[in-house]
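Chemist: Have a peek at structure.txt (compact mmCIF, C-alpha atoms).
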```txt
# COMPACT_ATOMS: atom_id res chain seq x y z
CA MET A 71 2.31 -24.07 3.32
CA HIS A 72 0.81 -22.20 6.18
CA PRO A 73 2.00 -21.31 9.75
CA PRO A 74 -0.18 -21.25 12.86
CA GLN A 75 -1.02 -18.42 15.15
CA GLY A 76 -0.03 -20.23 18.26
CA PRO A 77 2.70 -20.06 20.87
CA SER A 78 5.13 -21.82 18.57
CA VAL A 79 5.20 -18.79 16.27
CA ARG A 80 7.05 -16.03 18.05
CA SER A 81 5.37 -13.15 16.23
CA GLY A 82 1.90 -14.62 16.48
CA TRP A 83 0.99 -14.57 12.82
CA TRP A 84 0.03 -17.31 10.36
CA LEU A 85 2.13 -18.15 7.37
CA LEU A 86 1.59 -20.32 4.37
CA LEU A 87 4.16 -22.66 2.90
CA ALA A 88 4.10 -24.19 -0.53
CA CYS A 89 4.42 -27.73 -1.81
CA LEU A 90 7.51 -29.42 -0.40
CA PRO A 91 9.36 -32.42 -1.82
CA LEU A 92 8.93 -34.56 1.27
CA SER A 93 8.86 -38.33 1.22
CA SER A 94 5.53 -40.15 1.31
CA TRP A 95 3.39 -40.22 4.41
CA SER A 96 3.64 -43.60 6.04
CA GLN A 97 0.65 -45.85 5.48
CA GLU A 98 1.51 -47.72 8.67
CA GLN A 99 -0.97 -45.98 10.92
CA THR A 100 -0.90 -46.53 14.64
CA ALA A 101 -3.94 -47.83 16.45
CA THR A 102 -4.84 -44.30 17.54
CA TRP A 103 -5.38 -42.97 14.00
CA ARG A 104 -8.93 -42.53 12.73
CA THR A 105 -10.26 -41.68 9.27
CA ILE A 106 -13.22 -39.61 8.08
CA SER A 107 -14.02 -39.28 4.38
CA GLY A 108 -15.92 -36.87 2.18
CA ALA A 109 -16.48 -36.73 -1.57
CA LYS A 110 -12.95 -35.52 -2.36
CA VAL A 111 -11.13 -35.34 0.97
CA VAL A 112 -9.97 -37.93 3.48
CA VAL A 113 -8.97 -36.65 6.93
CA ARG A 114 -6.76 -38.69 9.24
CA TYR A 115 -6.68 -37.72 12.88
CA GLU A 116 -6.33 -39.02 16.40
CA GLU A 117 -9.43 -39.85 18.40
CA ALA A 118 -9.19 -36.71 20.54
CA ASP A 119 -9.66 -34.63 17.36
CA GLN A 120 -12.86 -36.27 16.17
CA ARG A 121 -14.92 -33.05 16.24
CA ASN A 122 -12.07 -30.99 14.83
CA ALA A 123 -11.67 -33.48 11.98
CA ALA A 124 -15.34 -33.20 11.05
CA THR A 125 -15.06 -29.41 10.90
CA VAL A 126 -11.87 -29.52 8.85
CA LEU A 127 -13.39 -32.04 6.44
CA GLN A 128 -16.32 -29.71 5.76
CA GLN A 129 -13.99 -26.75 5.24
CA ALA A 130 -11.75 -28.72 2.88
CA GLU A 131 -14.68 -30.04 0.85
CA GLU A 132 -16.11 -26.53 0.43
CA ALA A 133 -12.69 -25.21 -0.59
CA CYS A 134 -12.32 -28.02 -3.14
CA SER A 135 -15.62 -27.11 -4.75
CA LYS A 136 -14.96 -23.38 -4.93
CA ILE A 137 -11.34 -23.51 -6.04
CA SER A 138 -11.87 -26.23 -8.64
CA ASP A 139 -14.64 -24.14 -10.20
CA GLU A 140 -12.43 -21.06 -10.42
CA LEU A 141 -9.52 -23.02 -11.86
CA GLY A 142 -11.79 -24.83 -14.29
CA LEU A 143 -10.80 -28.30 -13.11
CA ALA A 144 -12.76 -31.18 -14.61
CA TYR A 145 -11.05 -33.83 -12.48
CA LEU A 146 -10.08 -33.87 -8.83
CA PRO A 147 -8.00 -36.55 -7.14
CA VAL A 148 -8.73 -37.47 -3.55
CA LEU A 149 -6.91 -35.15 -1.16
CA HIS A 150 -5.44 -36.67 1.99
CA LEU A 151 -5.37 -34.33 4.98
CA ILE A 152 -3.46 -35.32 8.10
CA MET A 153 -4.09 -33.52 11.38
CA ALA A 154 -0.97 -33.75 13.52
CA PRO A 155 -1.90 -34.29 17.20
CA SER A 156 1.24 -32.56 18.52
CA ALA A 157 4.07 -30.29 17.44
CA GLU A 158 6.46 -33.22 17.70
CA GLU A 159 4.28 -35.36 15.43
CA PHE A 160 3.93 -32.49 12.96
CA ALA A 161 7.72 -32.16 12.78
CA SER A 162 8.05 -35.91 12.35
CA LEU A 163 5.45 -36.11 9.58
CA THR A 164 7.14 -33.29 7.66
CA HIS A 165 10.61 -34.69 8.39
CA GLY A 166 11.64 -31.49 10.15
CA ARG A 167 12.06 -29.73 6.82
CA LEU A 168 9.76 -26.77 7.46
CA PRO A 169 10.88 -23.31 8.62
CA ARG A 170 10.21 -22.65 12.28
CA TRP A 171 7.55 -20.12 11.32
CA ALA A 172 5.54 -22.61 9.24
CA ALA A 173 2.30 -24.27 10.32
CA GLY A 174 1.11 -26.34 7.40
CA ALA A 175 2.36 -28.08 4.29
CA THR A 176 1.18 -29.68 1.08
CA THR A 177 3.25 -32.45 -0.50
CA LEU A 178 2.80 -34.27 -3.78
CA GLU A 179 3.08 -37.98 -3.12
CA THR A 180 2.32 -41.28 -4.83
CA GLN A 181 -1.21 -41.45 -3.43
CA GLY A 182 -1.92 -37.86 -4.46
CA PRO A 183 -1.66 -34.48 -2.70
CA VAL A 184 -1.19 -34.78 1.07
CA ILE A 185 -1.89 -31.86 3.38
CA TYR A 186 -0.43 -31.57 6.88
CA ILE A 187 -2.01 -29.24 9.43
CA PRO A 188 -1.74 -28.89 13.22
CA SER A 189 -4.50 -30.00 15.51
CA PRO A 190 -6.27 -26.98 17.06
CA ARG A 191 -5.55 -28.62 20.41
CA TRP A 192 -1.98 -27.30 20.12
CA GLY A 193 -1.91 -25.04 17.05
CA ALA A 194 -4.16 -22.37 15.68
CA SER A 195 -7.92 -22.74 15.69
CA GLY A 196 -11.06 -21.06 14.42
CA GLN A 197 -10.74 -18.72 11.47
CA ASN A 198 -6.95 -19.07 11.32
CA LEU A 199 -7.14 -22.84 10.97
CA SER A 200 -9.94 -22.52 8.41
CA ARG A 201 -7.84 -20.22 6.24
CA THR A 202 -4.87 -22.54 6.54
CA VAL A 203 -7.01 -25.43 5.31
CA VAL A 204 -8.18 -23.38 2.31
CA HIS A 205 -4.62 -22.26 1.61
CA GLU A 206 -3.29 -25.80 1.54
CA VAL A 207 -6.20 -27.11 -0.51
CA ALA A 208 -5.43 -24.34 -3.01
CA HIS A 209 -1.82 -25.52 -3.24
CA ALA A 210 -3.01 -29.05 -3.95
CA LEU A 211 -5.51 -28.02 -6.64
CA VAL A 212 -3.12 -25.61 -8.36
CA ALA A 213 -0.69 -28.53 -8.59
CA VAL A 214 -3.45 -30.66 -10.12
CA ALA A 215 -4.33 -27.88 -12.61
CA SER A 216 -0.70 -27.75 -13.78
CA ASP A 217 -0.45 -31.57 -13.89
CA PHE A 218 2.10 -31.37 -11.07
CA ARG A 219 4.58 -29.43 -13.23
CA PRO A 220 6.95 -26.97 -11.56
CA LEU A 221 5.52 -23.47 -11.18
CA PRO A 222 7.10 -20.26 -9.81
CA ARG A 223 6.82 -20.17 -6.04
CA TRP A 224 5.40 -16.65 -6.06
CA LEU A 225 2.63 -17.84 -8.38
CA THR A 226 1.58 -20.81 -6.23
CA GLU A 227 1.76 -18.84 -2.97
CA GLY A 228 -0.07 -15.88 -4.44
CA LEU A 229 -2.89 -18.09 -5.70
CA ALA A 230 -3.18 -19.86 -2.34
CA ILE A 231 -3.45 -16.50 -0.54
CA ARG A 232 -5.96 -15.25 -3.10
CA PHE A 233 -8.26 -18.14 -2.26
CA SER A 234 -7.70 -18.10 1.51
CA ARG A 235 -7.74 -14.28 1.83
CA GLU A 236 -5.45 -14.08 4.85
CA GLN A 237 -5.52 -10.39 5.68
CA GLN A 238 -1.89 -10.13 6.76
CA TRP A 239 -0.79 -11.23 3.29
CA THR A 240 -3.31 -9.22 1.29
CA SER A 241 -2.10 -6.03 3.00
CA PRO A 242 0.59 -4.09 1.07
CA SER A 243 2.19 -2.65 4.24
CA ASP A 244 5.51 -4.55 4.11
CA VAL A 245 5.78 -4.08 0.36
CA SER A 246 5.21 -0.34 0.83
CA ARG A 247 8.07 -0.14 3.34
CA ALA A 248 10.29 -2.26 1.10
CA LEU A 249 9.72 0.18 -1.77
CA LEU A 250 11.02 3.05 0.37
CA THR A 251 14.15 1.10 1.36
CA ASN A 252 14.65 -0.45 -2.09
CA SER A 253 14.45 -3.94 -0.57
CA VAL A 254 11.66 -5.55 -2.59
CA VAL A 255 12.43 -9.25 -3.11
CA PRO A 256 12.66 -10.10 -6.84
CA LEU A 257 9.89 -12.54 -7.64
CA GLU A 258 12.32 -15.18 -8.88
CA GLU A 259 14.12 -15.17 -5.51
CA ILE A 260 10.92 -16.25 -3.75
CA GLU A 261 11.84 -19.78 -4.90
CA GLN A 262 14.06 -19.83 -1.78
CA LEU A 263 11.17 -18.93 0.54
CA ASN A 264 11.75 -21.81 2.95
CA SER A 265 15.19 -20.43 3.80
CA PHE A 266 13.95 -16.88 4.47
CA PRO A 267 13.88 -15.41 7.97
CA GLU A 268 10.44 -14.56 9.28
CA GLN A 269 10.27 -10.91 8.22
CA LYS A 270 11.59 -11.55 4.72
CA ALA A 271 9.12 -14.42 4.35
CA ARG A 272 6.31 -12.07 5.36
CA LEU A 273 7.37 -9.63 2.63
CA ALA A 274 7.60 -12.47 0.09
CA TYR A 275 4.05 -13.61 0.85
CA GLN A 276 2.67 -10.09 0.41
CA GLU A 277 4.55 -9.69 -2.87
CA SER A 278 3.28 -13.06 -4.10
CA PHE A 279 -0.34 -12.10 -3.42
CA LEU A 280 -0.01 -8.64 -4.96
CA ALA A 281 1.63 -10.08 -8.08
CA VAL A 282 -1.10 -12.70 -8.58
CA ASP A 283 -3.85 -10.21 -7.74
CA TYR A 284 -2.44 -7.78 -10.32
CA LEU A 285 -2.21 -10.58 -12.88
CA VAL A 286 -5.84 -11.62 -12.40
CA GLN A 287 -7.21 -8.08 -12.11
CA THR A 288 -5.36 -6.90 -15.21
CA TYR A 289 -5.58 -9.92 -17.51
CA GLY A 290 -8.48 -11.91 -16.05
CA LEU A 291 -8.90 -15.32 -14.49
CA ASP A 292 -8.82 -16.91 -17.95
CA ALA A 293 -5.20 -15.80 -18.28
CA MET A 294 -4.38 -17.70 -15.10
CA ARG A 295 -6.14 -20.78 -16.42
CA ILE A 296 -4.14 -20.56 -19.66
CA ILE A 297 -0.89 -20.36 -17.70
CA LEU A 298 -1.75 -23.44 -15.65
CA ALA A 299 -3.02 -25.36 -18.68
CA SER A 300 0.12 -24.50 -20.64
CA ALA A 301 2.29 -25.66 -17.78
CA ALA A 302 0.26 -28.89 -17.66
CA LYS A 303 1.25 -29.51 -21.28
CA GLY A 304 4.91 -29.22 -20.32
CA GLN A 305 5.47 -25.77 -21.78
CA ASP A 306 8.11 -23.48 -20.32
CA ILE A 307 6.67 -20.96 -17.86
CA ASP A 308 7.77 -18.02 -20.04
CA VAL A 309 5.95 -19.55 -23.00
CA ALA A 310 2.89 -20.05 -20.79
CA PHE A 311 2.93 -16.37 -19.76
CA GLU A 312 3.40 -15.19 -23.34
CA ARG A 313 0.43 -17.28 -24.45
CA ALA A 314 -1.71 -15.83 -21.66
CA ILE A 315 -0.67 -12.17 -21.47
CA ASP A 316 1.81 -11.63 -24.34
CA ARG A 317 4.65 -11.08 -21.85
CA ASP A 318 7.25 -13.38 -20.36
CA THR A 319 7.76 -13.61 -16.61
CA TRP A 320 10.54 -10.98 -16.52
CA GLU A 321 8.46 -8.48 -18.49
CA PHE A 322 5.50 -9.17 -16.22
CA GLN A 323 7.62 -8.55 -13.14
CA GLN A 324 8.80 -5.17 -14.46
CA GLU A 325 5.21 -4.20 -15.26
CA TRP A 326 4.07 -5.27 -11.82
CA LEU A 327 6.91 -3.39 -10.09
CA ASN A 328 5.98 -0.19 -11.91
CA PHE A 329 2.40 -0.69 -10.76
CA VAL A 330 3.22 -1.24 -7.08
CA ARG A 331 5.66 1.68 -7.04
CA LYS A 332 2.90 4.01 -8.20
CA ARG A 333 0.16 2.57 -6.04
CA TYR A 334 1.73 1.38 -2.79
CA ARG A 335 4.82 3.51 -2.12
CA TRP A 336 3.07 5.45 0.65
CA ALA A 337 0.52 2.82 1.64
CA PHE A 338 2.24 2.10 4.96
CA LEU A 339 1.24 5.57 6.20
CA ALA A 340 -2.39 4.45 6.36
CA GLU A 341 -1.49 1.86 9.00
CA LEU A 342 0.30 4.23 11.37
CA ASP A 343 -1.27 4.64 14.82
CA TRP A 344 -2.76 8.04 15.66
CA PRO A 345 -0.05 8.90 18.27
CA LEU A 346 2.55 8.58 15.53
CA TRP A 347 0.49 10.78 13.26
CA VAL A 348 0.33 13.37 16.05
CA LEU A 349 4.11 13.21 16.38
CA ILE A 350 4.57 13.55 12.61
CA LEU A 351 2.22 16.54 12.50
CA ALA A 352 3.94 18.11 15.51
CA LEU A 353 7.35 17.72 13.87
CA ALA A 354 6.01 19.10 10.62
CA GLY A 355 4.50 22.05 12.49
CA ALA A 356 7.74 22.69 14.36
CA ALA A 357 9.67 22.57 11.10
CA PHE A 358 7.23 25.04 9.53
CA VAL A 359 7.55 27.45 12.46
CA ALA A 360 11.35 27.16 12.38
CA VAL A 361 11.41 27.98 8.67
CA ARG A 362 9.10 30.96 9.19
CA LEU A 363 11.25 32.32 12.01
CA ARG A 364 14.42 31.84 10.01
CA THR A 365 12.83 33.58 7.03
CA ARG A 366 11.74 36.54 9.19
CA LYS A 367 15.21 36.80 10.65
CA THR A 368 16.72 36.82 7.17
CA VAL A 369 14.27 39.48 5.98
CA ARG A 370 15.07 41.69 9.00
CA ALA A 371 18.78 41.30 8.29
CA TRP A 372 18.23 42.35 4.69
CA GLU A 373 16.19 45.36 5.80
CA GLN A 374 18.89 46.40 8.29
CA GLU A 375 21.56 46.03 5.63
CA ALA A 376 19.53 48.16 3.21
CA LYS A 377 19.06 50.86 5.87
CA GLU A 378 22.77 50.95 6.59
CA GLN A 379 23.50 51.31 2.89
CA GLU A 380 21.14 54.29 2.70
CA ASP A 381 22.97 56.03 5.58
CA LEU A 382 26.37 55.75 3.89
CA GLN A 383 27.88 58.77 2.07
CA PRO A 384 27.17 58.34 -1.63
CA TRP A 385 30.20 57.98 -3.87
CA GLU A 386 31.20 61.12 -5.75
CA SER A 387 31.98 60.87 -9.38
CA GLU A 388 35.14 62.52 -10.65
```
Is it possible to express this structure as structure tokens?
Modeler:
Amino acid sequence: MHPPQGPSVRSGWWLLLACLPLSSWSQEQTATWRTISGAKVVVRYEEADQRNAATVLQQAEEACSKISDELGLAYLPVLHLIMAPSAEEFASLTHGRLPRWAAGATTLETQGPVIYIPSPRWGASGQNLSRTVVHEVAHALVAVASDFRPLPRWLTEGLAIRFSREQQWTSPSDVSRALLTNSVVPLEEIEQLNSFPEQKARLAYQESFLAVDYLVQTYGLDAMRIILASAAKGQDIDVAFERAIDRDTWEFQQEWLNFVRKRYRWAFLAELDWPLWVLILALAGAAFVAVRLRTRKTVRAWEQEAKEQEDLQPWESE
């Protein structure tokens, strides 16, 4: 799933949410609903969103083509994309089961994957909406690639971010800070993402992307395809990982943690503003001067003590 960068999100950043077990979208459309269809995507919208729907359809079709190629999909079901005309309608369509920071969802229903996004008339627009569309299409196609079998949440979110390339999730800044405070979220705990507060969710998204990126960069895209294909055959996720990379999920997590500790522990420093760097350098300089002065004072004290010892009457031996 994905959250919008609009006034409804208090921190102003977009999030992505994964597939949710919501009930089917009602086929009883009101008279105001319209439909526009492409080769693999059907967009439902209200009349006021006619132009927006055409843009979203093009974005979704392009995402389908690109993502299906990378995942090696031979078959694609029709994706249904519903553009909610208001925040109230969005909450109603998703049965109010999304976190307050969320702005999009993908559900697996009887008619196939269904994607819910906000209309740009009240939610995010432009590049943010485009990335949300790609993110949700990725969720749908990853589900298809695994034959709708359960997958780890970090894996599905990380793949969706990898395809959508949302910068706030590809940055390691929150992970870097979490390493310093020993507060990295274990990958298996990301299953509870929907219950996370906003900041913890942000960290979980960054971790998910970095884990998937490490998996693909280290073992190749074919390894990811093997994992999804194994899951599609009903194999346990640990068996799928062992087939693909000769490690189960726990062993992979330990390997990944060692990698991020070495590479990203100090990454947050690169994002500090220059005034903070000036302050850090000033404090470091002050500390250096203080140490030098204290050292000089100590040396002078030693010299004075040595001089006093020289002035004393030497002991006489018996």
Chemist: Which one is closest to Leu263 (chain A): A:Leu168, A:Asp306, A:Arg313, A:Phe233? Count all atoms listed in the file.
Modeler: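 For Leu263 (chain A), the nearest of the given residues is A:Leu168.
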Chemist: Using only C-alpha atoms, which of the listed residues (A:Ala172, A:Ala133, A:Leu225, A:Ala215) sits closest to Pro267 (chain A)?
Modeler: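 Nearest candidate to Pro267 (chain A) out of A:Ala172, A:Ala133, A:Leu225, A:Ala215: A:Ala172.
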Chemist: Find, counting only C-alpha atoms, the residue in A:Leu273, A:Val330, A:Leu211, A:Ala310 that gets nearest to Tyr145 (chain A).
Modeler: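 With only C-alpha atoms as the atom set, the closest residue is A:Leu211.
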Chemist: In Å, with one decimal, what is the gap from CA of Asn122 (chain A) to CA of Ser234 (chain A)?
Modeler: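 Between these atoms lies a distance of 19.0 Å.
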Chemist: List the residues sitting within 12 Å of (-1.0, -23.9, -18.2) in the file's frame, using all atoms listed in the file, as an MDAnalysis selection string.
Modeler: chainID A and resid 141:143 212:221 292:314
Chemist: Rank A:Arg191, A:His165, A:Lys136, A:His209 by their smallest atom-to-atom distance to Leu149 (chain A), using only C-alpha atoms, and report the top residue only.
Modeler: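 Nearest to Leu149 (chain A): A:His209.
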Chemist: Taking (-9.2, -15.9, 1.0) as a centre in this file's frame and 12 Å as the limit, can you find every polymer residue with an atom that close, using all atoms listed in the file, and give them as number ranges by chain?
Modeler: A: 133, 136-137, 197-198, 200-208, 228-240, 279, 283
Chemist: Within 9 Å of region 247-254 of chain A, counting only C-alpha atoms, which residues show up once you throw out same-chain ones fewer than 2 positions away? Write them as a list in words, please.
Modeler: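 So the residues in contact are Pro242, Ser243, Asp244, Val245, Pro256, Leu257, Leu273, Ala274, Glu277, Val330, Arg331, Tyr334, Arg335, Trp336, Ala337 and Phe338 of chain A.
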Chemist: Around all the atoms of region 234-249 of chain A listed in the file, with 5 Å of room on each side, what axis-aligned box do you get, giving centre and edge lengths in Å to one decimal, as JSON?
Modeler:
```
{"center_x": 1.3, "center_y": -9.0, "center_z": 2.5, "size_x": 28.0, "size_y": 28.3, "size_z": 18.5}
```
Chemist: For each of A:Tyr284, A:Trp320, A:Tyr289, A:Trp224, take the minimum atom-to-atom distance to Ile260 (chain A), counting all atoms listed in the file, then give the residue where this is smallest.
Modeler: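 Closest candidate: A:Trp224.
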Chemist: Mind pulling up the distance from CA of Thr102 (chain A) to CA of Ala175 (chain A)?
Modeler: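 Interatomic distance, CA of Ala175 (chain A) to CA of Thr102 (chain A): 22.1 Å.
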Chemist: Mind giving me the straight-line distance from CA of Gln181 (chain A) to CA of Arg114 (chain A) in Å, one decimal?
Modeler: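 According to the coordinates, CA of Gln181 (chain A) and CA of Arg114 (chain A) are separated by 14.1 Å.
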Chemist: Could you check which of A:Ser189, A:Ser162, A:Ala130, A:Thr319 is closest to Ala118 (chain A), using all atoms listed in the file?
Modeler: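 The closest residue to Ala118 (chain A) is A:Ser189.
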